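Engineer: Quick one, run_18.cif (mmCIF, C-alpha atoms):
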```cif
data_start
loop_
_atom_site.label_atom_id
_atom_site.label_comp_id
_atom_site.auth_asym_id
_atom_site.auth_seq_id
_atom_site.Cartn_x
_atom_site.Cartn_y
_atom_site.Cartn_z
CA MET A 1 163.41 35.65 146.31
CA ILE A 2 160.16 34.89 148.01
CA GLY A 3 159.63 34.55 151.73
CA GLY A 4 156.76 33.95 154.14
CA SER A 5 154.23 31.16 154.72
CA MET A 6 155.23 28.11 152.65
CA ARG A 7 156.81 30.03 149.80
CA ALA A 8 160.35 28.84 150.45
CA ARG A 9 159.53 25.81 148.31
CA PHE A 10 159.40 28.18 145.32
CA PHE A 11 162.41 28.53 143.01
CA VAL A 12 165.64 26.71 143.88
CA PHE A 13 165.04 25.95 147.54
CA PRO A 14 164.87 22.18 148.18
CA TRP A 15 161.46 20.96 149.26
CA SER A 16 162.45 17.98 151.39
CA ALA A 17 163.53 19.37 154.78
CA LEU A 18 161.69 22.68 155.02
CA GLY A 19 158.66 21.50 153.09
CA ALA A 20 158.22 18.47 155.34
CA LEU A 21 158.28 20.66 158.45
CA LEU A 22 155.80 23.09 156.99
CA LEU A 23 153.45 20.34 155.94
CA ALA A 24 153.58 18.80 159.39
CA ALA A 25 152.70 22.16 160.89
CA CYS A 26 150.02 23.18 158.39
CA SER A 27 148.38 20.01 157.13
CA SER A 28 144.98 19.07 158.45
CA GLY A 29 145.95 15.43 158.09
CA GLY A 30 144.79 12.81 155.64
CA GLY A 31 142.21 11.00 157.68
CA GLY A 32 141.52 8.71 154.76
CA VAL A 33 141.81 4.97 154.30
CA PRO A 34 145.26 3.76 153.17
CA VAL A 35 145.21 2.66 149.55
CA VAL A 36 147.20 -0.21 148.14
CA ASP A 37 149.02 0.97 145.01
CA GLY A 38 146.69 0.75 142.06
CA ALA A 39 143.63 -0.09 144.16
CA THR A 40 140.54 2.11 144.14
CA VAL A 41 138.57 3.16 147.18
CA ASP A 42 135.55 5.40 147.43
CA VAL A 43 136.21 8.44 149.58
CA ALA A 44 134.17 8.10 152.76
CA MET A 45 131.50 10.75 153.27
CA ALA A 46 133.31 11.82 156.43
CA ASP A 47 136.26 12.77 154.27
CA VAL A 48 134.22 14.95 151.93
CA GLN A 49 133.38 18.51 152.93
CA THR A 50 130.93 20.65 151.03
CA SER A 51 129.93 24.24 151.58
CA ASP A 52 128.00 26.94 149.78
CA ALA A 53 130.65 29.65 149.94
CA ALA A 54 129.39 33.20 149.95
CA VAL A 55 130.59 35.25 147.02
CA GLU A 56 132.82 38.14 148.03
CA ASP A 57 132.77 41.49 146.32
CA GLY A 58 134.43 41.43 142.93
CA ALA A 59 136.67 44.23 141.65
CA SER A 60 135.67 46.19 138.61
CA SER A 61 137.74 45.84 135.47
CA ASN A 62 139.89 48.86 136.25
CA GLY A 63 140.46 47.92 139.86
CA ASP A 64 139.31 51.32 141.13
CA SER A 65 136.06 50.17 142.67
CA SER A 66 134.27 46.97 143.64
CA ASP A 67 130.82 45.62 143.23
CA GLY A 68 128.91 42.52 144.18
CA ASP A 69 128.14 39.59 141.94
CA ALA A 70 124.85 40.79 140.50
CA SER A 71 123.90 37.26 139.46
CA GLY A 72 123.78 36.09 143.05
CA THR A 73 125.95 33.11 142.13
CA THR A 74 127.38 30.94 144.90
CA ALA A 75 130.30 28.56 144.67
CA VAL A 76 129.66 25.04 145.87
CA ILE A 77 133.03 23.75 147.05
CA THR A 78 133.55 20.05 147.76
CA GLU A 79 136.81 18.63 149.14
CA PHE A 80 138.13 15.07 148.83
CA THR A 81 140.69 14.01 151.44
CA LEU A 82 143.64 11.99 150.13
CA PRO A 83 144.38 8.58 151.67
CA ALA A 84 147.87 9.35 153.04
CA ALA A 85 148.81 12.28 155.25
CA ASN A 86 151.27 14.84 153.86
CA SER A 87 150.64 13.87 150.24
CA ALA A 88 151.34 17.48 149.21
CA PRO A 89 149.26 17.45 146.01
CA GLU A 90 150.52 20.05 143.55
CA ALA A 91 149.56 19.68 139.86
CA ILE A 92 146.16 18.57 138.59
CA VAL A 93 144.94 17.98 135.03
CA ALA A 94 141.90 16.59 133.26
CA GLY A 95 143.05 13.24 131.91
CA PRO A 96 142.31 11.64 128.53
CA ASP A 97 140.17 9.04 130.31
CA GLY A 98 137.63 11.48 131.75
CA ASN A 99 139.20 11.51 135.23
CA LEU A 100 141.32 14.00 137.15
CA TRP A 101 145.02 13.20 137.62
CA PHE A 102 147.30 14.85 140.17
CA THR A 103 150.83 14.72 141.54
CA GLU A 104 151.58 13.85 145.18
CA SER A 105 154.89 15.58 145.84
CA GLY A 106 155.34 14.44 149.44
CA SER A 107 158.53 12.38 149.59
CA GLU A 108 156.98 9.72 151.82
CA VAL A 109 153.98 9.31 149.51
CA ASN A 110 155.62 9.66 146.09
CA LYS A 111 152.63 8.79 143.91
CA ILE A 112 150.44 9.93 141.07
CA GLY A 113 146.76 10.01 141.93
CA ARG A 114 143.66 9.55 139.84
CA LEU A 115 140.27 10.87 140.97
CA THR A 116 136.98 10.02 139.32
CA LEU A 117 134.23 12.61 139.11
CA ASP A 118 132.35 10.86 141.91
CA GLY A 119 135.37 10.85 144.22
CA ALA A 120 137.01 7.41 143.85
CA ILE A 121 140.78 7.64 144.29
CA THR A 122 143.45 5.40 142.75
CA GLU A 123 147.16 5.89 143.41
CA PHE A 124 150.18 4.74 141.41
CA ALA A 125 153.61 4.52 143.06
CA ILE A 126 156.37 6.33 141.16
CA PRO A 127 159.30 3.97 140.43
CA THR A 128 162.00 6.40 141.61
CA ALA A 129 162.02 7.09 145.34
CA ALA A 130 161.60 10.70 146.52
CA ALA A 131 160.87 11.81 142.96
CA GLN A 132 158.91 14.85 144.19
CA ALA A 133 156.34 14.88 141.40
CA TRP A 134 155.46 18.45 140.47
CA GLY A 135 153.98 19.82 137.21
CA MET A 136 151.81 17.65 134.96
CA THR A 137 150.26 17.80 131.49
CA VAL A 138 148.50 15.55 128.97
CA GLY A 139 150.66 14.87 125.93
CA ALA A 140 149.66 14.49 122.30
CA ASP A 141 150.09 10.75 122.87
CA HIS A 142 147.20 10.82 125.40
CA ASN A 143 149.51 9.96 128.27
CA LEU A 144 150.28 11.91 131.44
CA TRP A 145 153.67 13.66 131.49
CA PHE A 146 155.04 15.08 134.71
CA ILE A 147 158.06 16.62 136.40
CA GLU A 148 160.17 14.68 138.92
CA GLN A 149 161.86 17.57 140.66
CA GLY A 150 163.68 15.55 143.29
CA ALA A 151 164.96 12.97 140.80
CA GLY A 152 165.76 15.40 138.00
CA GLN A 153 163.62 13.49 135.52
CA ILE A 154 160.65 13.84 133.20
CA ALA A 155 158.20 10.96 133.41
CA ARG A 156 155.37 9.56 131.33
CA LEU A 157 152.43 7.63 132.75
CA THR A 158 149.80 5.82 130.72
CA PRO A 159 146.18 5.88 131.94
CA ALA A 160 146.67 2.18 132.69
CA GLY A 161 149.45 3.00 135.16
CA VAL A 162 152.67 2.22 133.23
CA PHE A 163 155.58 4.57 134.00
CA THR A 164 158.54 5.56 131.81
CA GLU A 165 161.17 7.95 133.18
CA PHE A 166 163.63 10.11 131.23
CA PRO A 167 166.62 11.56 133.14
CA ILE A 168 167.61 15.17 132.56
CA THR A 169 171.25 14.95 131.50
CA THR A 170 172.50 17.92 133.56
CA ASP A 171 172.05 17.92 137.34
CA GLY A 172 170.60 20.79 139.36
CA ARG A 173 168.34 22.19 136.66
CA TYR A 174 165.24 22.26 138.89
CA PRO A 175 162.48 21.48 136.36
CA PHE A 176 159.17 23.09 137.25
CA GLY A 177 156.30 23.71 134.79
CA ILE A 178 155.32 21.45 131.90
CA THR A 179 152.85 21.61 129.00
CA ALA A 180 152.01 19.93 125.72
CA GLY A 181 152.85 21.91 122.59
CA ALA A 182 150.93 22.15 119.34
CA ASP A 183 153.97 20.55 117.68
CA GLY A 184 153.32 17.18 119.34
CA ASN A 185 156.15 17.60 121.84
CA VAL A 186 156.14 18.28 125.58
CA TRP A 187 157.84 21.42 126.89
CA PHE A 188 159.06 22.24 130.38
CA THR A 189 160.81 25.02 132.29
CA GLU A 190 164.14 24.72 134.11
CA GLN A 191 164.48 27.30 136.86
CA SER A 192 168.17 26.92 137.64
CA GLY A 193 169.02 25.89 134.11
CA ASN A 194 167.33 29.11 132.92
CA GLN A 195 166.03 27.48 129.80
CA ILE A 196 162.98 26.00 128.14
CA VAL A 197 163.30 22.35 127.16
CA ARG A 198 161.52 20.45 124.40
CA VAL A 199 160.86 16.74 124.91
CA ALA A 200 160.06 14.51 121.95
CA PRO A 201 157.63 11.58 122.42
CA ASP A 202 160.61 9.23 122.72
CA GLY A 203 162.10 11.31 125.56
CA THR A 204 164.80 13.10 123.55
CA MET A 205 165.39 16.57 125.00
CA MET A 206 166.66 19.85 123.60
CA GLY A 207 167.10 23.01 125.67
CA PHE A 208 166.85 26.66 124.65
CA ALA A 209 168.54 29.26 126.86
CA LEU A 210 166.70 32.43 127.87
CA PRO A 211 168.11 35.85 126.89
CA THR A 212 167.67 37.17 130.44
CA ALA A 213 170.23 35.73 132.89
CA GLY A 214 168.62 34.42 136.08
CA GLY A 215 165.12 34.73 134.65
CA TYR A 216 163.98 31.56 136.44
CA PRO A 217 161.19 30.34 134.16
CA VAL A 218 158.26 28.89 136.08
CA GLY A 219 154.90 28.27 134.40
CA ILE A 220 154.42 27.35 130.75
CA THR A 221 151.44 26.82 128.46
CA ALA A 222 150.59 26.38 124.80
CA GLY A 223 149.39 29.60 123.21
CA PRO A 224 146.67 30.19 120.62
CA ASP A 225 149.37 31.23 118.13
CA GLY A 226 151.08 27.81 118.08
CA ASN A 227 153.92 29.00 120.31
CA LEU A 228 154.72 28.26 123.96
CA TRP A 229 154.33 31.02 126.55
CA PHE A 230 156.02 31.05 129.94
CA THR A 231 156.59 33.17 133.04
CA GLU A 232 159.95 34.36 134.35
CA GLY A 233 159.70 34.66 138.12
CA ASN A 234 162.91 36.60 138.71
CA GLY A 235 163.11 38.17 135.26
CA ASN A 236 159.67 39.74 135.79
CA LYS A 237 158.79 38.93 132.20
CA ILE A 238 156.51 36.83 130.07
CA GLY A 239 158.33 34.79 127.45
CA ARG A 240 157.29 33.34 124.12
CA ILE A 241 159.18 30.52 122.40
CA THR A 242 158.46 29.15 118.94
CA PRO A 243 158.56 25.40 118.27
CA ALA A 244 161.95 26.06 116.62
CA GLY A 245 163.30 27.63 119.83
CA VAL A 246 163.23 31.37 119.11
CA VAL A 247 162.60 33.27 122.36
CA THR A 248 160.98 36.69 122.75
CA GLU A 249 160.47 38.35 126.14
CA PHE A 250 157.95 40.96 127.29
CA ALA A 251 158.39 42.97 130.51
CA VAL A 252 155.56 43.06 133.05
CA PRO A 253 154.82 46.65 134.18
CA THR A 254 154.69 45.93 137.94
CA ALA A 255 158.23 45.59 139.30
CA GLN A 256 159.12 42.43 141.25
CA CYS A 257 155.62 41.03 140.73
CA THR A 258 156.97 37.49 140.20
CA PRO A 259 154.90 36.10 137.30
CA TYR A 260 154.02 32.51 138.13
CA GLY A 261 151.17 30.49 136.57
CA ILE A 262 150.07 31.05 132.99
CA ALA A 263 147.19 29.75 130.85
CA ALA A 264 145.63 30.42 127.47
CA GLY A 265 142.30 32.21 127.87
CA PRO A 266 139.07 31.81 125.92
CA ASP A 267 139.58 35.31 124.49
CA GLY A 268 142.72 34.38 122.54
CA ASN A 269 145.08 35.99 125.06
CA LEU A 270 147.40 34.57 127.72
CA TRP A 271 146.56 35.10 131.40
CA PHE A 272 149.02 34.85 134.28
CA THR A 273 149.24 35.23 138.05
CA GLU A 274 151.54 37.72 139.75
CA TYR A 275 152.71 35.90 142.85
CA ASN A 276 154.02 38.98 144.66
CA GLY A 277 152.20 41.60 142.60
CA VAL A 278 148.77 40.43 143.85
CA LYS A 279 147.37 40.86 140.35
CA ILE A 280 146.17 38.86 137.40
CA GLY A 281 147.93 39.76 134.17
CA ARG A 282 146.81 39.47 130.57
CA ILE A 283 149.11 39.52 127.56
CA THR A 284 148.04 39.51 123.95
CA PRO A 285 149.89 37.40 121.36
CA ALA A 286 151.42 40.70 120.20
CA GLY A 287 152.87 41.30 123.67
CA VAL A 288 150.55 43.98 125.12
CA VAL A 289 150.22 43.54 128.90
CA SER A 290 147.27 44.56 131.12
CA GLU A 291 147.04 43.99 134.88
CA PHE A 292 144.07 43.62 137.23
CA PRO A 293 144.48 44.00 141.03
CA ILE A 294 142.97 41.28 143.21
CA PRO A 295 140.71 42.60 146.02
CA THR A 296 142.33 40.48 148.77
CA PRO A 297 145.77 41.88 149.74
CA THR A 298 148.75 39.51 150.05
CA CYS A 299 146.64 36.64 148.71
CA THR A 300 149.49 35.24 146.58
CA PRO A 301 147.80 34.23 143.31
CA TYR A 302 149.25 30.94 142.12
CA GLY A 303 147.68 28.54 139.58
CA ILE A 304 145.45 29.63 136.71
CA THR A 305 143.24 27.96 134.09
CA ALA A 306 140.54 28.72 131.54
CA GLY A 307 137.04 27.76 132.63
CA ALA A 308 134.26 26.17 130.64
CA ASP A 309 132.15 29.24 131.43
CA GLY A 310 134.32 31.56 129.34
CA ASN A 311 136.13 33.03 132.34
CA ILE A 312 139.59 32.48 133.82
CA TRP A 313 140.00 30.86 137.25
CA PHE A 314 142.91 31.06 139.67
CA THR A 315 143.98 30.01 143.15
CA GLU A 316 145.01 32.28 146.01
CA TYR A 317 147.72 30.40 147.86
CA ASP A 318 147.76 32.54 151.01
CA GLY A 319 144.27 33.96 150.54
CA VAL A 320 142.79 30.43 150.70
CA LYS A 321 140.35 31.23 147.93
CA VAL A 322 139.55 30.44 144.33
CA GLY A 323 139.20 33.49 142.13
CA ARG A 324 137.37 34.12 138.89
CA ILE A 325 138.22 36.88 136.42
CA THR A 326 136.15 37.69 133.36
CA PRO A 327 137.85 38.51 130.04
CA THR A 328 137.10 42.16 130.77
CA GLY A 329 138.80 42.01 134.18
CA THR A 330 136.03 41.69 136.78
CA ILE A 331 137.21 39.57 139.73
CA THR A 332 135.10 37.49 142.11
CA GLU A 333 136.55 35.41 144.97
CA PHE A 334 135.25 32.24 146.62
CA PRO A 335 136.57 31.13 150.06
CA ILE A 336 137.70 27.52 150.48
CA VAL A 337 136.38 25.37 153.32
CA THR A 338 139.69 24.23 154.83
CA ALA A 339 141.81 26.92 156.46
CA HIS A 340 145.54 27.12 155.68
CA CYS A 341 145.19 24.54 152.92
CA TYR A 342 147.31 26.51 150.42
CA PRO A 343 145.42 25.91 147.15
CA SER A 344 147.95 25.41 144.39
CA LEU A 345 147.30 24.35 140.79
CA ILE A 346 143.92 24.35 139.11
CA THR A 347 142.20 22.91 136.05
CA THR A 348 138.80 22.58 134.41
CA GLY A 349 137.42 19.06 134.66
CA PRO A 350 135.54 17.10 132.01
CA ASP A 351 132.39 17.89 134.00
CA GLY A 352 132.88 21.63 133.50
CA ASN A 353 133.68 22.19 137.18
CA ILE A 354 136.86 23.75 138.54
CA TRP A 355 139.24 21.34 140.30
CA PHE A 356 142.27 22.33 142.39
CA THR A 357 144.86 20.88 144.73
CA GLU A 358 145.24 21.81 148.39
CA TYR A 359 148.96 21.47 149.05
CA ALA A 360 148.84 21.56 152.85
CA GLY A 361 145.18 20.60 153.20
CA ASN A 362 145.96 17.17 151.74
CA LYS A 363 142.84 17.37 149.61
CA ILE A 364 141.52 17.84 146.11
CA GLY A 365 138.88 20.53 145.81
CA ARG A 366 136.03 20.85 143.34
CA LEU A 367 134.21 24.12 142.73
CA GLY A 368 130.86 24.11 141.00
CA LEU A 369 128.65 27.12 140.37
CA GLY A 370 125.01 27.32 141.29
CA PRO A 371 122.28 29.98 141.29
#
```
Kindly present the structure from the file in structure tokens form.
Structural biologist:
Amino acid sequence: MIGGSMRARFFVFPWSALGALLLAACSSGGGGVPVVDGATVDVAMADVQTSDAAVEDGASSNGDSSDGDASGTTAVITEFTLPAANSAPEAIVAGPDGNLWFTESGSEVNKIGRLTLDGAITEFAIPTAAAQAWGMTVGADHNLWFIEQGAGQIARLTPAGVFTEFPITTDGRYPFGITAGADGNVWFTEQSGNQIVRVAPDGTMMGFALPTAGGYPVGITAGPDGNLWFTEGNGNKIGRITPAGVVTEFAVPTAQCTPYGIAAGPDGNLWFTEYNGVKIGRITPAGVVSEFPIPTPTCTPYGITAGADGNIWFTEYDGVKVGRITPTGTITEFPIVTAHCYPSLITTGPDGNIWFTEYAGNKIGRLGLGP
């Protein structure tokens, strides 16, 4: 199990009571203008923070030494404050409409948000109260699909704002990560259920149990080989599942590293974060694992995504940074403006910039690179 900072929300611990207390203690507050459901407001300039973050030393590919970013690149980080305090944004994806979409997991907010590239925010109230919206993906049907952890449901949202919810038939499964498969279905992980579930476009579900008992699957992504790849937080493994449901598992060398986020890289491999291992991992479709230490100790790497620049980008939950790792393993870190904001999930936007959620900062961040 994981302890410290806000990590108790990970795995099977309920978010509601402890998470609410932690958010109250750590959040910098919304400070934004309340938004009527479905109405759009431009984020006030007072609610947008921008900084040219200095680039920290990046580790070499073997992790034995470090060097500076020879290009002199700086990260321009801009933050957009959400309208309601304690929104607890978690997942973020580039939508089919050219906007960014994100989940607001705070039980009092309970919405899905849409953010345009110039910072206009629209929010859509989730029909089920205290749904605790978590992971999100764009389906083959060009709709948004997301996890309702608190309600035990999978939901679909059209870009026009129409919700459809599909209950998970067995209680207490704790759904977590979700992705669109190459087979036209949506796939998600069940931590307590210890299985991977396939969801057809009509909401029909079929689960596939993991070979490792108590593996606690977390993140999931579509691989370049047409299969789904996922992390096992307690099993300390990376899993692969075919569209037909055949599961293969690969052990991660570092013990108790807690694999968490996972994404397909531009190099044809899968890349994942090691929550407790403080490393970024790479696994080939054949199952060969390499690991790259992150320079900042106890930074808690969390979300991960492929960038438009050919690199892989990740968040450091406790390190309060965004990291970049090249396909050869060189790591560079960029500090975030807001302290104790707990950056969570991350995606590449349609503008080529890196976008991420700030779980306790109550903001959406955008990272752009400049000379």
Engineer: Apply the PyMOL selection byres ((chain A and resi 299) around 9) to the structure shown and report the selected residues as a list in words.
Structural biologist: Tyr275, Asn276, Val278, Ile294, Pro295, Thr296, Pro297, Thr298, Thr300, Pro301, Glu316, Tyr317, Asp318, Gly319, Val320 and Lys321 of chain A
Engineer: If I take CA of Ser290 (chain A) and CA of Pro253 (chain A), how far is one from the other in Å, to one decimal?
Structural biologist: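 Here the two named atoms are 8.4 Å from each other.
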Engineer: Assuming the chain letters and numbering stay as they are in my file, what does the PyMOL selection byres ((chain A and resi 306-308) around 8) actually select? List them as a PyMOL selection string.
Structural biologist: chain A and resi 263-266+304-305+309-313+347-348+352-354
Engineer: For a quick check of understanding, using all atoms listed in the file, which of A:Asp171, A:Phe314, A:Ala182, A:Ile241 has the smallest distance to Ile262 (chain A)?
Structural biologist: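 For Ile262 (chain A), the nearest of the given residues is A:Phe314.
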Engineer: Would you mind telling me which residue in A:Ile154, A:Ala255, A:Val109, A:Leu228 lies nearest to Asp183 (chain A) when using all atoms listed in the file?
Structural biologist: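 Once distances to Asp183 (chain A) are computed over all atoms listed in the file, the minimum belongs to A:Leu228.
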Engineer: So what do you get for CA of Arg240 (chain A) versus CA of Leu144 (chain A), distance-wise?
Structural biologist: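 For CA of Arg240 (chain A) relative to CA of Leu144 (chain A), the distance reads 23.7 Å.
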Engineer: Could you name the residues that touch Lys237 (chain A) at 9 Å or less, counting only C-alpha atoms, but leaving out those on the same chain fewer than 6 positions away, as a PDB file with C-alpha atoms, keeping the file's coordinate frame?
Structural biologist:
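Output below, filename selection09.pdb:
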```pdb
ATOM      1  CA  GLY A 215     165.120  34.730 134.650  1.00  0.00           C
ATOM      2  CA  PHE A 230     156.020  31.050 129.940  1.00  0.00           C
ATOM      3  CA  THR A 231     156.590  33.170 133.040  1.00  0.00           C
ATOM      4  CA  GLU A 249     160.470  38.350 126.140  1.00  0.00           C
ATOM      5  CA  PHE A 250     157.950  40.960 127.290  1.00  0.00           C
ATOM      6  CA  ALA A 251     158.390  42.970 130.510  1.00  0.00           C
ATOM      7  CA  VAL A 252     155.560  43.060 133.050  1.00  0.00           C
ATOM      8  CA  PRO A 253     154.820  46.650 134.180  1.00  0.00           C
ATOM      9  CA  THR A 258     156.970  37.490 140.200  1.00  0.00           C
ATOM     10  CA  PRO A 259     154.900  36.100 137.300  1.00  0.00           C
TER      11      PRO A 259
END
```
Engineer: Could you expand the PyMOL selection byres ((chain A and resi 197-211) around 10) into the explicit residues it covers here, written as a ChimeraX atom specification?
Structural biologist: /A:139-141,154-156,164-169,175,178-181,183-190,193-196,212-217,232,239,241,243-249
Engineer: Could you dump the residues just selected with C-alpha atoms as an mmCIF file, in the frame of the given file?
Structural biologist:
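Here's the written file again26.cif:
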```
data_model
loop_
_atom_site.group_PDB
_atom_site.id
_atom_site.type_symbol
_atom_site.label_atom_id
_atom_site.label_comp_id
_atom_site.auth_asym_id
_atom_site.auth_seq_id
_atom_site.Cartn_x
_atom_site.Cartn_y
_atom_site.Cartn_z
ATOM 1 C CA GLY A 139 150.660 14.870 125.930
ATOM 2 C CA ALA A 140 149.660 14.490 122.300
ATOM 3 C CA ASP A 141 150.090 10.750 122.870
ATOM 4 C CA ILE A 154 160.650 13.840 133.200
ATOM 5 C CA ALA A 155 158.200 10.960 133.410
ATOM 6 C CA ARG A 156 155.370 9.560 131.330
ATOM 7 C CA THR A 164 158.540 5.560 131.810
ATOM 8 C CA GLU A 165 161.170 7.950 133.180
ATOM 9 C CA PHE A 166 163.630 10.110 131.230
ATOM 10 C CA PRO A 167 166.620 11.560 133.140
ATOM 11 C CA ILE A 168 167.610 15.170 132.560
ATOM 12 C CA THR A 169 171.250 14.950 131.500
ATOM 13 C CA PRO A 175 162.480 21.480 136.360
ATOM 14 C CA ILE A 178 155.320 21.450 131.900
ATOM 15 C CA THR A 179 152.850 21.610 129.000
ATOM 16 C CA ALA A 180 152.010 19.930 125.720
ATOM 17 C CA GLY A 181 152.850 21.910 122.590
ATOM 18 C CA ASP A 183 153.970 20.550 117.680
ATOM 19 C CA GLY A 184 153.320 17.180 119.340
ATOM 20 C CA ASN A 185 156.150 17.600 121.840
ATOM 21 C CA VAL A 186 156.140 18.280 125.580
ATOM 22 C CA TRP A 187 157.840 21.420 126.890
ATOM 23 C CA PHE A 188 159.060 22.240 130.380
ATOM 24 C CA THR A 189 160.810 25.020 132.290
ATOM 25 C CA GLU A 190 164.140 24.720 134.110
ATOM 26 C CA GLY A 193 169.020 25.890 134.110
ATOM 27 C CA ASN A 194 167.330 29.110 132.920
ATOM 28 C CA GLN A 195 166.030 27.480 129.800
ATOM 29 C CA ILE A 196 162.980 26.000 128.140
ATOM 30 C CA THR A 212 167.670 37.170 130.440
ATOM 31 C CA ALA A 213 170.230 35.730 132.890
ATOM 32 C CA GLY A 214 168.620 34.420 136.080
ATOM 33 C CA GLY A 215 165.120 34.730 134.650
ATOM 34 C CA TYR A 216 163.980 31.560 136.440
ATOM 35 C CA PRO A 217 161.190 30.340 134.160
ATOM 36 C CA GLU A 232 159.950 34.360 134.350
ATOM 37 C CA GLY A 239 158.330 34.790 127.450
ATOM 38 C CA ILE A 241 159.180 30.520 122.400
ATOM 39 C CA PRO A 243 158.560 25.400 118.270
ATOM 40 C CA ALA A 244 161.950 26.060 116.620
ATOM 41 C CA GLY A 245 163.300 27.630 119.830
ATOM 42 C CA VAL A 246 163.230 31.370 119.110
ATOM 43 C CA VAL A 247 162.600 33.270 122.360
ATOM 44 C CA THR A 248 160.980 36.690 122.750
ATOM 45 C CA GLU A 249 160.470 38.350 126.140
#
```
Engineer: Out of A:Thr330, A:Thr254, A:Asn362, A:Thr284, which residue has the shortest atom-to-atom distance to Phe102 (chain A) when counting only C-alpha atoms?
Structural biologist: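 The answer is A:Asn362, which sits nearest to Phe102 (chain A).
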Engineer: Could you pull the residues within 8 Å of Leu369 (chain A), counting all atoms listed in the file, minus those fewer than 4 positions along the same chain, as a list in words?
Structural biologist: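 Selected residues are Thr73, Thr74, Ala75, Val76 and Asn353 of chain A.
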Engineer: Could you state the separation of CA of Thr273 (chain A) and CA of Gly223 (chain A) in Å, given to one decimal place?
Structural biologist: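 Between CA of Thr273 (chain A) and CA of Gly223 (chain A) the gap works out to 15.9 Å.
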Engineer: Excluding region 88-97 of chain A and residues on its chain fewer than 6 positions from it, collect all residues at most 8 Å away from it, counting only C-alpha atoms, and give them as a VMD selection string.
Structural biologist: chain A and resid 23 103 to 106 134 to 138 142 to 144 159 344 to 350 355 to 364
Engineer: In file coordinates, which residues lie within 9 Å of (147.5, 43.1, 131.5) using all atoms listed in the file, given as a list in words?
Structural biologist: Val252, Pro253, Trp271, Phe272, Ile280, Gly281, Arg282, Ile283, Thr284, Val288, Val289, Ser290, Glu291 and Phe292 of chain A
Engineer: Applying 7 Å and only C-alpha atoms, which residues near Arg114 (chain A) remain after dropping the ones on its own chain fewer than 3 positions away? List them as a ChimeraX atom specification.
Structural biologist: /A:99-102,121-123
Engineer: Just write the chosen residues, C-alpha atoms, as a short mmCIF file (atom, residue, chain, number, x, y, z; two decimals), keeping the file's coordinate frame.
Structural biologist:
```
data_model
loop_
_atom_site.label_atom_id
_atom_site.label_comp_id
_atom_site.auth_asym_id
_atom_site.auth_seq_id
_atom_site.Cartn_x
_atom_site.Cartn_y
_atom_site.Cartn_z
CA ASN A 99 139.20 11.51 135.23
CA LEU A 100 141.32 14.00 137.15
CA TRP A 101 145.02 13.20 137.62
CA PHE A 102 147.30 14.85 140.17
CA ILE A 121 140.78 7.64 144.29
CA THR A 122 143.45 5.40 142.75
CA GLU A 123 147.16 5.89 143.41
#
```
Engineer: Taking the point (137.7, 40.8, 130.8) as given in the file, collect each protein or nucleic acid residue that comes within 9 Å of it, counting only C-alpha atoms, and present the set as a list of chain:residue names.
Structural biologist: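 Residues satisfying the cut-off, written out: A:Ser61, A:Asp267, A:Asn311, A:Ile325, A:Thr326, A:Pro327, A:Thr328, A:Gly329, A:Thr330.
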